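Undergrad: Once you've had a glance at the structure underneath, I'll fire off some questions.
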Amino acid sequence: MSDRATMDSIARLVPEGSRVLDLGCGDGALMDLLRRERGCTGYGVEIDDANLLACARRGVDVLQLNLDEGLSMFTNGSFDVVLQIDTLQNLRNAETMLRETARVGKMGIVAFPNFAHWPNRLAILRGRMPVTKRLPYQWYDTPNIRVGTFKDFEVLATRNRLAILDAFGLQEGEEVRVLPNLRAGTAVFKFERG
Amino acid sequence: MTLIAEPKAMHFDTPLPLQSGASVRDYDLAYETYGTLNADRSNAVLICHALNASHHVAGAYAGQPGSEGWWDTMIGPGKPVDTDRFFVIGVNNLGSCFGSTGPMHVNPDTGKVYGADFPVVTVEDWVDAQARLLDALGIHQLAAVMGGSLGGMQALSWTLRHPQRVRHAAVIASAPNLTAENIAFNEVARRAIVTDPDFHGGHFYQHGVVPKRGLRIARMVGHITYLSDDVMNEKFGRQLREGLDIRYTTQDIEFQIESYLRYQGDKFSEYFDANTYLLITRALDYFDPARAFGGNLSKALAAATARFLLVSFTTDWRFSPKRSREIVKALLDNQRAVTYAEIDAPHGHDAFLLDDARYLSLVRAWFARIAGELGAAA
């Protein structure tokens, strides 16, 4: 997910000079990009020691917190943008975290692997769980404990009264706006509290 | 190559006003420096010490093997706080028994040893004294201030009392104040000392004795709280001394852990001053920057402008991660730059002094960035 075209596509959704919280920021590459090229400030949140170190080496401020314990440390609307890029699918309390994202940020941006991408559908038709570049894990050892689809997220967002500002698929770094649920490996949503 | 450390002392004859309203005049601060101050005096790093430490933070004294400073894993040439790039200052706090003026010294007002009459000093007083040392060294602004435990409290206090003088602050295994449980441990330690028959109300020097029994117990209590249950079990478990069987005694040392604690207590009572121990634990109890803000730490930390590094250790129950997160939250509320690491180390509070690769790498990366800024500015 850290390829440049994908990161650029997500970065374009973040207004210049925003105060950003990047939940599950990985090695901090996206925060670094937002800081350098869009004049953003803020923090990454990360649990993994190696990623934490990578962030520190880049000079990205990072907080080592367990997202499954919630975002109680952050006050309402204290960030312009809260990012959850390839994070939601790893969280036990994904719905709570989605609501928390909308509480803490004036705007939320979520990206996750779209399980309804056609190669995944094909694998299921053949009777097997998909193993692809985007979903490279076997079903028994995947960190993705929440697999969902582009359409599923729309339903979840509505249920939680989130107003979707933009939604598209990403495939090989290209935005997919026609039939994204079928044609894109990644689903991207930009939303705010409705 | 081992860094050679040389203790120095700076004398101050202007009285230092203290939080209590008292003041001290004619005092010395013991300190050491490592590395070279750069031309624009921008690469100074101040190290604040914890309870039983001193100005001797790194390196060893010439011809004295085993005399490495207490944070020698962290500070030195090529180490996380790299003395090839930074001018590092270790300073001993006022009231200590390791060189700076303290209860063992003569009160210039009376011509007698201070003893229990040495004024109660606070974290803020120490910071103000350290600021004077920096003035004397010609350093207006620190590249960083750093400390663990009580030293972390001083580093935090620096960013509040002298915000314009601190660019970065590393607050490690520390807390915004002590919990009641922590104050309780300190009180047990203090009662052990003051009820020792050799204490003589703090004026034991003139009786030619030292309240060693009290110091031993104080240290034993403290030592237990610095370790985690897991590490203590791993190190000592329920092992009996010299593989002996249970002997049905109540006074003798039977378990290994008893032997270890007594050894630690004995060692401590040989070198630590009882009045200093009382003063330092009191300074710990009093520290609470939120106090002047109705307990609101976010309001208290609004004054800080430094970029922060906060580090806690998962098994540290005396200065738990929860307490560090309170500081982080208060900094976030003020939109300050902060990096926070919660190191999953088994050692308890003592982890901040030990050789943990994740912890040392992170501090190294954080300081490398500061060093990079220095290069860019030069």
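FYI, nothing fancy with the structure tokens labels: chains A, B, ... in order, residues from 1 per chain, ligands from 1 as they appear.
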Kindly determine which residues of chain A lie within 6 Å of chain B, considering only C-alpha atoms, and give the answer as a PDB file with C-alpha atoms, in the first residue's frame.
TA:
```pdb
ATOM      1  CA  LEU A  53      11.636   3.357  14.716  1.00  0.00           C
ATOM      2  CA  ALA A  56      11.433   8.350  14.208  1.00  0.00           C
ATOM      3  CA  ARG A  57      14.172   8.000  11.581  1.00  0.00           C
ATOM      4  CA  ASP A  61       6.112  12.230  15.256  1.00  0.00           C
ATOM      5  CA  VAL A  62       4.535   8.934  16.225  1.00  0.00           C
ATOM      6  CA  LEU A  63       2.596   7.666  19.225  1.00  0.00           C
ATOM      7  CA  GLN A  64       2.863   4.016  20.215  1.00  0.00           C
ATOM      8  CA  MET A  73      -6.488  10.330  24.265  1.00  0.00           C
TER       9      MET A  73
END
```
Undergrad: Among region 23-116 of chain B, which residues does DSSP mark as strand (DSSP E or B) when it is run on the backbone? Keep the chain and numbering as in the structure and answer as a PDB file with N, CA and C atoms, in the first residue's frame.
TA:
```
ATOM      1  N   SER B  23      16.264  30.395  50.890  1.00  0.00           N
ATOM      2  CA  SER B  23      17.247  30.496  49.810  1.00  0.00           C
ATOM      3  C   SER B  23      18.549  29.855  50.263  1.00  0.00           C
ATOM      4  N   VAL B  24      19.389  29.503  49.298  1.00  0.00           N
ATOM      5  CA  VAL B  24      20.736  29.029  49.659  1.00  0.00           C
ATOM      6  C   VAL B  24      21.751  29.981  49.045  1.00  0.00           C
ATOM      7  N   TYR B  27      26.890  28.255  47.196  1.00  0.00           N
ATOM      8  CA  TYR B  27      26.756  26.821  46.959  1.00  0.00           C
ATOM      9  C   TYR B  27      27.561  26.412  45.733  1.00  0.00           C
ATOM     10  N   ASP B  28      27.873  25.132  45.701  1.00  0.00           N
ATOM     11  CA  ASP B  28      28.579  24.544  44.553  1.00  0.00           C
ATOM     12  C   ASP B  28      27.650  23.587  43.827  1.00  0.00           C
ATOM     13  N   LEU B  29      27.798  23.515  42.516  1.00  0.00           N
ATOM     14  CA  LEU B  29      27.162  22.454  41.748  1.00  0.00           C
ATOM     15  C   LEU B  29      28.271  21.618  41.121  1.00  0.00           C
ATOM     16  N   ALA B  30      28.224  20.310  41.360  1.00  0.00           N
ATOM     17  CA  ALA B  30      29.180  19.406  40.720  1.00  0.00           C
ATOM     18  C   ALA B  30      28.630  19.067  39.328  1.00  0.00           C
ATOM     19  N   TYR B  31      29.512  19.023  38.357  1.00  0.00           N
ATOM     20  CA  TYR B  31      29.053  18.691  37.005  1.00  0.00           C
ATOM     21  C   TYR B  31      30.182  18.065  36.203  1.00  0.00           C
ATOM     22  N   GLU B  32      29.801  17.451  35.091  1.00  0.00           N
ATOM     23  CA  GLU B  32      30.782  16.934  34.142  1.00  0.00           C
ATOM     24  C   GLU B  32      30.305  17.299  32.749  1.00  0.00           C
ATOM     25  N   THR B  33      31.227  17.463  31.838  1.00  0.00           N
ATOM     26  CA  THR B  33      30.836  17.697  30.442  1.00  0.00           C
ATOM     27  C   THR B  33      31.595  16.727  29.548  1.00  0.00           C
ATOM     28  N   TYR B  34      30.960  16.401  28.446  1.00  0.00           N
ATOM     29  CA  TYR B  34      31.542  15.452  27.482  1.00  0.00           C
ATOM     30  C   TYR B  34      31.319  16.025  26.086  1.00  0.00           C
ATOM     31  N   ALA B  44      24.270  21.841  23.033  1.00  0.00           N
ATOM     32  CA  ALA B  44      24.339  21.370  24.423  1.00  0.00           C
ATOM     33  C   ALA B  44      23.132  20.508  24.774  1.00  0.00           C
ATOM     34  N   VAL B  45      23.412  19.409  25.456  1.00  0.00           N
ATOM     35  CA  VAL B  45      22.361  18.509  25.951  1.00  0.00           C
ATOM     36  C   VAL B  45      22.548  18.370  27.461  1.00  0.00           C
ATOM     37  N   LEU B  46      21.517  18.705  28.206  1.00  0.00           N
ATOM     38  CA  LEU B  46      21.584  18.596  29.665  1.00  0.00           C
ATOM     39  C   LEU B  46      20.943  17.291  30.104  1.00  0.00           C
ATOM     40  N   ILE B  47      21.654  16.544  30.956  1.00  0.00           N
ATOM     41  CA  ILE B  47      21.125  15.286  31.488  1.00  0.00           C
ATOM     42  C   ILE B  47      20.767  15.495  32.963  1.00  0.00           C
ATOM     43  N   CYS B  48      19.511  15.252  33.291  1.00  0.00           N
ATOM     44  CA  CYS B  48      19.048  15.399  34.674  1.00  0.00           C
ATOM     45  C   CYS B  48      19.034  14.030  35.345  1.00  0.00           C
ATOM     46  N   ALA B  60      34.314   6.997  32.169  1.00  0.00           N
ATOM     47  CA  ALA B  60      34.890   6.478  33.410  1.00  0.00           C
ATOM     48  C   ALA B  60      36.021   7.404  33.839  1.00  0.00           C
ATOM     49  N   TYR B  61      36.330   7.379  35.122  1.00  0.00           N
ATOM     50  CA  TYR B  61      37.441   8.193  35.621  1.00  0.00           C
ATOM     51  C   TYR B  61      38.764   7.513  35.292  1.00  0.00           C
ATOM     52  N   ILE B  75      25.004   7.427  26.664  1.00  0.00           N
ATOM     53  CA  ILE B  75      25.748   8.644  26.352  1.00  0.00           C
ATOM     54  C   ILE B  75      27.231   8.338  26.150  1.00  0.00           C
ATOM     55  N   GLY B  76      27.780   8.842  25.050  1.00  0.00           N
ATOM     56  CA  GLY B  76      29.208   8.657  24.789  1.00  0.00           C
ATOM     57  C   GLY B  76      29.463   8.743  23.296  1.00  0.00           C
ATOM     58  N   VAL B  81      23.038   9.203  22.528  1.00  0.00           N
ATOM     59  CA  VAL B  81      23.320  10.624  22.723  1.00  0.00           C
ATOM     60  C   VAL B  81      24.818  10.771  22.467  1.00  0.00           C
ATOM     61  N   ASP B  82      25.136  11.122  21.233  1.00  0.00           N
ATOM     62  CA  ASP B  82      26.490  10.991  20.704  1.00  0.00           C
ATOM     63  C   ASP B  82      27.353  12.194  21.097  1.00  0.00           C
ATOM     64  N   PHE B  87      27.403  18.412  22.991  1.00  0.00           N
ATOM     65  CA  PHE B  87      28.122  18.789  24.208  1.00  0.00           C
ATOM     66  C   PHE B  87      27.197  18.430  25.365  1.00  0.00           C
ATOM     67  N   VAL B  88      27.521  17.319  26.024  1.00  0.00           N
ATOM     68  CA  VAL B  88      26.614  16.781  27.041  1.00  0.00           C
ATOM     69  C   VAL B  88      27.053  17.246  28.437  1.00  0.00           C
ATOM     70  N   ILE B  89      26.087  17.699  29.208  1.00  0.00           N
ATOM     71  CA  ILE B  89      26.363  18.185  30.565  1.00  0.00           C
ATOM     72  C   ILE B  89      25.597  17.312  31.560  1.00  0.00           C
ATOM     73  N   GLY B  90      26.320  16.730  32.495  1.00  0.00           N
ATOM     74  CA  GLY B  90      25.693  16.051  33.621  1.00  0.00           C
ATOM     75  C   GLY B  90      25.846  16.949  34.829  1.00  0.00           C
ATOM     76  N   VAL B  91      24.773  17.156  35.570  1.00  0.00           N
ATOM     77  CA  VAL B  91      24.861  18.059  36.722  1.00  0.00           C
ATOM     78  C   VAL B  91      24.264  17.378  37.941  1.00  0.00           C
ATOM     79  N   VAL B 106      28.744  22.766  55.225  1.00  0.00           N
ATOM     80  CA  VAL B 106      28.609  23.787  56.276  1.00  0.00           C
ATOM     81  C   VAL B 106      27.671  24.893  55.815  1.00  0.00           C
ATOM     82  N   VAL B 113      27.449  22.313  60.161  1.00  0.00           N
ATOM     83  CA  VAL B 113      26.949  21.448  59.084  1.00  0.00           C
ATOM     84  C   VAL B 113      25.418  21.549  59.032  1.00  0.00           C
TER      85      VAL B 113
END
```
Undergrad: Find the residue from B:Ala22, B:Leu150, B:Leu354, B:Ile257 that sits nearest to Pro119 (chain B); use only C-alpha atoms when measuring.
TA: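 Residue with the minimum atom-to-atom distance to Pro119 (chain B): B:Ala22.
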Undergrad: So that I can check the surroundings of region 136-149 of chain A, please list as a ChimeraX atom specification every protein, DNA and RNA residue that reaches within 7 Å of it, counting only C-alpha atoms and ignoring chain neighbours fewer than 2 positions away.
TA: /A:89-91,114-116,129,131-134,151-153,181
Undergrad: With a distance cut-off of 12 Å and only C-alpha atoms, select the neighbouring residues of Gln164 (chain B), excluding the residue or stretch itself and same-chain residues fewer than 6 positions from it, and output the selection as a list in words.
TA: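 Using only C-alpha atoms, the neighbours found are Ala131, His140, Gln141, Leu142, Ala143, Ala144, Trp158, Ala303, Ala304, Thr305, Ala306 and Arg307 of chain B.
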Undergrad: Print the selection's residues with all heavy atoms to a file, as a PDB file, in the first residue's frame.
TA:
```pdb
ATOM      1  N   ALA B 131      19.855  26.129  35.455  1.00  0.00           N
ATOM      2  CA  ALA B 131      19.821  27.254  34.510  1.00  0.00           C
ATOM      3  C   ALA B 131      20.988  28.202  34.786  1.00  0.00           C
ATOM      4  O   ALA B 131      21.601  28.742  33.867  1.00  0.00           O
ATOM      5  CB  ALA B 131      18.488  27.974  34.601  1.00  0.00           C
ATOM      6  N   HIS B 140      22.886  29.591  26.162  1.00  0.00           N
ATOM      7  CA  HIS B 140      21.559  30.201  26.322  1.00  0.00           C
ATOM      8  C   HIS B 140      20.458  29.176  26.104  1.00  0.00           C
ATOM      9  O   HIS B 140      19.469  29.134  26.837  1.00  0.00           O
ATOM     10  CB  HIS B 140      21.375  31.370  25.356  1.00  0.00           C
ATOM     11  CG  HIS B 140      19.971  31.900  25.423  1.00  0.00           C
ATOM     12  ND1 HIS B 140      19.481  32.519  26.558  1.00  0.00           N
ATOM     13  CD2 HIS B 140      18.952  31.841  24.541  1.00  0.00           C
ATOM     14  CE1 HIS B 140      18.202  32.837  26.354  1.00  0.00           C
ATOM     15  NE2 HIS B 140      17.857  32.438  25.140  1.00  0.00           N
ATOM     16  N   GLN B 141      20.643  28.330  25.079  1.00  0.00           N
ATOM     17  CA  GLN B 141      19.573  27.396  24.722  1.00  0.00           C
ATOM     18  C   GLN B 141      20.112  25.982  24.580  1.00  0.00           C
ATOM     19  O   GLN B 141      21.172  25.774  23.991  1.00  0.00           O
ATOM     20  CB  GLN B 141      18.931  27.838  23.406  1.00  0.00           C
ATOM     21  CG  GLN B 141      17.631  27.146  23.117  1.00  0.00           C
ATOM     22  CD  GLN B 141      17.080  27.510  21.750  1.00  0.00           C
ATOM     23  OE1 GLN B 141      17.795  27.429  20.750  1.00  0.00           O
ATOM     24  NE2 GLN B 141      15.821  27.907  21.706  1.00  0.00           N
ATOM     25  N   LEU B 142      19.367  25.011  25.119  1.00  0.00           N
ATOM     26  CA  LEU B 142      19.756  23.611  25.025  1.00  0.00           C
ATOM     27  C   LEU B 142      19.198  22.993  23.748  1.00  0.00           C
ATOM     28  O   LEU B 142      18.039  23.226  23.397  1.00  0.00           O
ATOM     29  CB  LEU B 142      19.182  22.832  26.212  1.00  0.00           C
ATOM     30  CG  LEU B 142      19.755  23.153  27.595  1.00  0.00           C
ATOM     31  CD1 LEU B 142      18.846  22.586  28.683  1.00  0.00           C
ATOM     32  CD2 LEU B 142      21.169  22.597  27.726  1.00  0.00           C
ATOM     33  N   ALA B 143      20.035  22.202  23.078  1.00  0.00           N
ATOM     34  CA  ALA B 143      19.498  21.400  21.977  1.00  0.00           C
ATOM     35  C   ALA B 143      18.476  20.426  22.549  1.00  0.00           C
ATOM     36  O   ALA B 143      17.434  20.179  21.957  1.00  0.00           O
ATOM     37  CB  ALA B 143      20.616  20.643  21.267  1.00  0.00           C
ATOM     38  N   ALA B 144      18.790  19.891  23.722  1.00  0.00           N
ATOM     39  CA  ALA B 144      17.853  18.967  24.375  1.00  0.00           C
ATOM     40  C   ALA B 144      18.127  18.893  25.867  1.00  0.00           C
ATOM     41  O   ALA B 144      19.253  19.098  26.323  1.00  0.00           O
ATOM     42  CB  ALA B 144      17.964  17.575  23.762  1.00  0.00           C
ATOM     43  N   TRP B 158      11.830  21.852  33.016  1.00  0.00           N
ATOM     44  CA  TRP B 158      12.639  22.758  32.183  1.00  0.00           C
ATOM     45  C   TRP B 158      11.786  23.386  31.077  1.00  0.00           C
ATOM     46  O   TRP B 158      11.882  24.575  30.798  1.00  0.00           O
ATOM     47  CB  TRP B 158      13.797  21.992  31.527  1.00  0.00           C
ATOM     48  CG  TRP B 158      15.120  22.244  32.182  1.00  0.00           C
ATOM     49  CD1 TRP B 158      15.755  21.439  33.065  1.00  0.00           C
ATOM     50  CD2 TRP B 158      15.950  23.402  31.999  1.00  0.00           C
ATOM     51  NE1 TRP B 158      16.934  22.028  33.450  1.00  0.00           N
ATOM     52  CE2 TRP B 158      17.083  23.224  32.814  1.00  0.00           C
ATOM     53  CE3 TRP B 158      15.850  24.566  31.236  1.00  0.00           C
ATOM     54  CZ2 TRP B 158      18.111  24.157  32.884  1.00  0.00           C
ATOM     55  CZ3 TRP B 158      16.880  25.505  31.298  1.00  0.00           C
ATOM     56  CH2 TRP B 158      17.986  25.295  32.119  1.00  0.00           C
ATOM     57  N   ALA B 303       2.570  26.053  28.463  1.00  0.00           N
ATOM     58  CA  ALA B 303       3.782  26.884  28.411  1.00  0.00           C
ATOM     59  C   ALA B 303       4.901  26.237  27.603  1.00  0.00           C
ATOM     60  O   ALA B 303       5.788  26.920  27.098  1.00  0.00           O
ATOM     61  CB  ALA B 303       4.264  27.163  29.834  1.00  0.00           C
ATOM     62  N   ALA B 304       4.863  24.908  27.466  1.00  0.00           N
ATOM     63  CA  ALA B 304       5.974  24.191  26.833  1.00  0.00           C
ATOM     64  C   ALA B 304       5.950  24.382  25.316  1.00  0.00           C
ATOM     65  O   ALA B 304       4.897  24.294  24.691  1.00  0.00           O
ATOM     66  CB  ALA B 304       5.891  22.706  27.168  1.00  0.00           C
ATOM     67  N   THR B 305       7.110  24.646  24.757  1.00  0.00           N
ATOM     68  CA  THR B 305       7.190  24.781  23.299  1.00  0.00           C
ATOM     69  C   THR B 305       8.154  23.779  22.673  1.00  0.00           C
ATOM     70  O   THR B 305       8.256  23.695  21.459  1.00  0.00           O
ATOM     71  CB  THR B 305       7.644  26.200  22.906  1.00  0.00           C
ATOM     72  OG1 THR B 305       8.871  26.477  23.581  1.00  0.00           O
ATOM     73  CG2 THR B 305       6.609  27.244  23.299  1.00  0.00           C
ATOM     74  N   ALA B 306       8.841  23.008  23.509  1.00  0.00           N
ATOM     75  CA  ALA B 306       9.839  22.056  22.998  1.00  0.00           C
ATOM     76  C   ALA B 306       9.168  20.945  22.205  1.00  0.00           C
ATOM     77  O   ALA B 306       7.970  20.718  22.308  1.00  0.00           O
ATOM     78  CB  ALA B 306      10.607  21.444  24.172  1.00  0.00           C
ATOM     79  N   ARG B 307       9.981  20.253  21.406  1.00  0.00           N
ATOM     80  CA  ARG B 307       9.524  19.003  20.771  1.00  0.00           C
ATOM     81  C   ARG B 307       9.862  17.877  21.745  1.00  0.00           C
ATOM     82  O   ARG B 307      10.983  17.798  22.231  1.00  0.00           O
ATOM     83  CB  ARG B 307      10.254  18.770  19.454  1.00  0.00           C
ATOM     84  CG  ARG B 307       9.986  19.824  18.401  1.00  0.00           C
ATOM     85  CD  ARG B 307      10.791  19.522  17.139  1.00  0.00           C
ATOM     86  NE  ARG B 307      10.301  18.300  16.526  1.00  0.00           N
ATOM     87  CZ  ARG B 307       9.386  18.272  15.550  1.00  0.00           C
ATOM     88  NH1 ARG B 307       8.908  19.392  15.072  1.00  0.00           N
ATOM     89  NH2 ARG B 307       8.976  17.128  15.060  1.00  0.00           N
TER      90      ARG B 307
END
```
Undergrad: Run DSSP on the backbone of this structure and report the residues of chain A it assigns to helix (DSSP H, G or I), as a ChimeraX atom specification.
TA: /A:4-11,29-38,49-58,67-69,88-90,94-104,118-125,150-159,180-183
Undergrad: Excluding same-chain residues fewer than 2 positions from Gly108 (chain A), what lies within 9 Å of it counting only C-alpha atoms, as a list in words?
TA: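 These residues fall inside the cut-off: Asp80, Val81, Val82, Leu83, Gln84, Leu98, Thr101, Ala102, Val104, Gly105, Lys106, Val110, Phe189, Lys190, Phe191, Glu192 and Arg193 of chain A.
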Undergrad: Restrict the selected residues to all heavy atoms and save them as a CSV table (one decimal), in the first residue's frame.
TA:
```csv
chain,number,residue,atom,x,y,z
A,80,ASP,N,-7.9,17.9,11.6
A,80,ASP,CA,-8.7,18.2,10.4
A,80,ASP,C,-9.0,16.9,9.6
A,80,ASP,O,-10.1,16.7,9.1
A,80,ASP,CB,-7.8,19.1,9.5
A,80,ASP,CG,-7.5,20.5,10.1
A,80,ASP,OD1,-8.5,21.1,10.7
A,80,ASP,OD2,-6.4,20.9,10.1
A,81,VAL,N,-8.0,16.0,9.6
A,81,VAL,CA,-8.2,14.8,8.9
A,81,VAL,C,-7.6,13.6,9.8
A,81,VAL,O,-6.5,13.7,10.3
A,81,VAL,CB,-7.4,14.8,7.6
A,81,VAL,CG1,-7.5,13.5,6.8
A,81,VAL,CG2,-7.8,16.0,6.7
A,82,VAL,N,-8.4,12.5,9.9
A,82,VAL,CA,-7.9,11.3,10.5
A,82,VAL,C,-7.9,10.2,9.4
A,82,VAL,O,-8.9,10.0,8.7
A,82,VAL,CB,-8.8,10.9,11.7
A,82,VAL,CG1,-8.3,9.5,12.3
A,82,VAL,CG2,-8.8,11.9,12.8
A,83,LEU,N,-6.7,9.6,9.3
A,83,LEU,CA,-6.5,8.6,8.2
A,83,LEU,C,-6.5,7.2,8.8
A,83,LEU,O,-6.0,7.0,9.9
A,83,LEU,CB,-5.1,8.8,7.6
A,83,LEU,CG,-4.9,10.1,6.9
A,83,LEU,CD1,-3.4,10.2,6.5
A,83,LEU,CD2,-5.7,10.3,5.6
A,84,GLN,N,-7.2,6.3,8.1
A,84,GLN,CA,-7.1,4.9,8.5
A,84,GLN,C,-6.8,4.1,7.2
A,84,GLN,O,-7.7,3.7,6.5
A,84,GLN,CB,-8.4,4.4,9.1
A,84,GLN,CG,-8.6,4.7,10.5
A,84,GLN,CD,-9.5,3.7,11.2
A,84,GLN,OE1,-9.3,2.5,11.1
A,84,GLN,NE2,-10.6,4.2,11.7
A,98,LEU,N,-14.3,3.4,13.6
A,98,LEU,CA,-14.8,4.2,12.6
A,98,LEU,C,-15.6,5.4,13.2
A,98,LEU,O,-15.4,6.6,12.7
A,98,LEU,CB,-15.8,3.4,11.7
A,98,LEU,CG,-16.2,4.1,10.4
A,98,LEU,CD1,-15.0,4.4,9.5
A,98,LEU,CD2,-17.2,3.2,9.6
A,101,THR,N,-13.0,7.7,14.7
A,101,THR,CA,-12.4,8.5,13.6
A,101,THR,C,-13.2,9.7,13.2
A,101,THR,O,-12.6,10.8,13.1
A,101,THR,CB,-12.2,7.6,12.4
A,101,THR,OG1,-11.3,6.5,12.7
A,101,THR,CG2,-11.6,8.3,11.2
A,102,ALA,N,-14.5,9.5,13.1
A,102,ALA,CA,-15.4,10.6,12.8
A,102,ALA,C,-15.5,11.6,14.0
A,102,ALA,O,-15.7,12.8,13.7
A,102,ALA,CB,-16.7,10.1,12.4
A,104,VAL,N,-13.0,12.3,16.3
A,104,VAL,CA,-11.7,13.0,16.5
A,104,VAL,C,-11.4,13.9,15.3
A,104,VAL,O,-10.8,15.0,15.5
A,104,VAL,CB,-10.6,11.9,16.7
A,104,VAL,CG1,-9.2,12.6,16.7
A,104,VAL,CG2,-10.8,11.2,18.0
A,105,GLY,N,-11.8,13.5,14.1
A,105,GLY,CA,-11.4,14.2,12.9
A,105,GLY,C,-12.6,15.0,12.4
A,105,GLY,O,-13.7,14.6,12.5
A,106,LYS,N,-12.3,16.2,11.8
A,106,LYS,CA,-13.4,16.9,11.1
A,106,LYS,C,-13.7,16.1,9.8
A,106,LYS,O,-14.8,16.2,9.3
A,106,LYS,CB,-12.9,18.3,10.8
A,106,LYS,CG,-12.6,19.1,12.0
A,106,LYS,CD,-12.3,20.6,11.7
A,106,LYS,CE,-12.0,21.3,13.0
A,106,LYS,NZ,-10.6,21.3,13.4
A,110,VAL,N,-10.6,6.6,4.9
A,110,VAL,CA,-10.4,5.1,5.1
A,110,VAL,C,-10.0,4.4,3.8
A,110,VAL,O,-10.7,4.7,2.8
A,110,VAL,CB,-11.6,4.5,5.8
A,110,VAL,CG1,-11.6,3.0,5.7
A,110,VAL,CG2,-11.8,4.9,7.2
A,189,PHE,N,-12.6,5.8,1.0
A,189,PHE,CA,-13.7,6.6,1.4
A,189,PHE,C,-13.3,7.8,2.1
A,189,PHE,O,-12.4,7.7,3.0
A,189,PHE,CB,-14.7,5.8,2.2
A,189,PHE,CG,-15.5,4.8,1.5
A,189,PHE,CD1,-14.9,3.5,1.3
A,189,PHE,CD2,-16.7,5.1,1.0
A,189,PHE,CE1,-15.6,2.6,0.6
A,189,PHE,CE2,-17.5,4.1,0.3
A,189,PHE,CZ,-16.9,2.9,0.1
A,190,LYS,N,-13.9,9.0,1.8
A,190,LYS,CA,-13.6,10.2,2.5
A,190,LYS,C,-15.0,10.6,3.1
A,190,LYS,O,-16.0,10.6,2.3
A,190,LYS,CB,-13.1,11.2,1.5
A,190,LYS,CG,-12.9,12.6,2.0
A,190,LYS,CD,-12.2,13.5,1.0
A,190,LYS,CE,-12.4,14.9,1.2
A,190,LYS,NZ,-11.6,15.7,0.2
A,191,PHE,N,-15.0,10.9,4.4
A,191,PHE,CA,-16.3,11.1,5.0
A,191,PHE,C,-16.2,12.1,6.1
A,191,PHE,O,-15.2,12.5,6.6
A,191,PHE,CB,-16.9,9.8,5.5
A,191,PHE,CG,-16.0,9.1,6.5
A,191,PHE,CD1,-16.1,9.3,7.8
A,191,PHE,CD2,-15.1,8.1,6.0
A,191,PHE,CE1,-15.2,8.7,8.7
A,191,PHE,CE2,-14.2,7.5,6.9
A,191,PHE,CZ,-14.3,7.8,8.3
A,192,GLU,N,-17.4,12.6,6.6
A,192,GLU,CA,-17.5,13.4,7.8
A,192,GLU,C,-18.7,13.0,8.6
A,192,GLU,O,-19.5,12.2,8.1
A,192,GLU,CB,-17.5,14.9,7.4
A,192,GLU,CG,-18.7,15.3,6.6
A,192,GLU,CD,-18.7,16.7,6.1
A,192,GLU,OE1,-17.6,17.4,6.2
A,192,GLU,OE2,-19.8,17.2,5.7
A,193,ARG,N,-18.8,13.5,9.8
A,193,ARG,CA,-20.0,13.2,10.6
A,193,ARG,C,-21.2,13.8,9.8
A,193,ARG,O,-21.2,14.9,9.4
A,193,ARG,CB,-19.9,13.8,11.9
A,193,ARG,CG,-19.4,12.9,13.0
A,193,ARG,CD,-18.9,13.7,14.2
A,193,ARG,NE,-17.8,14.6,13.8
A,193,ARG,CZ,-17.3,15.6,14.6
A,193,ARG,NH1,-17.9,15.9,15.7
A,193,ARG,NH2,-16.3,16.3,14.2
```
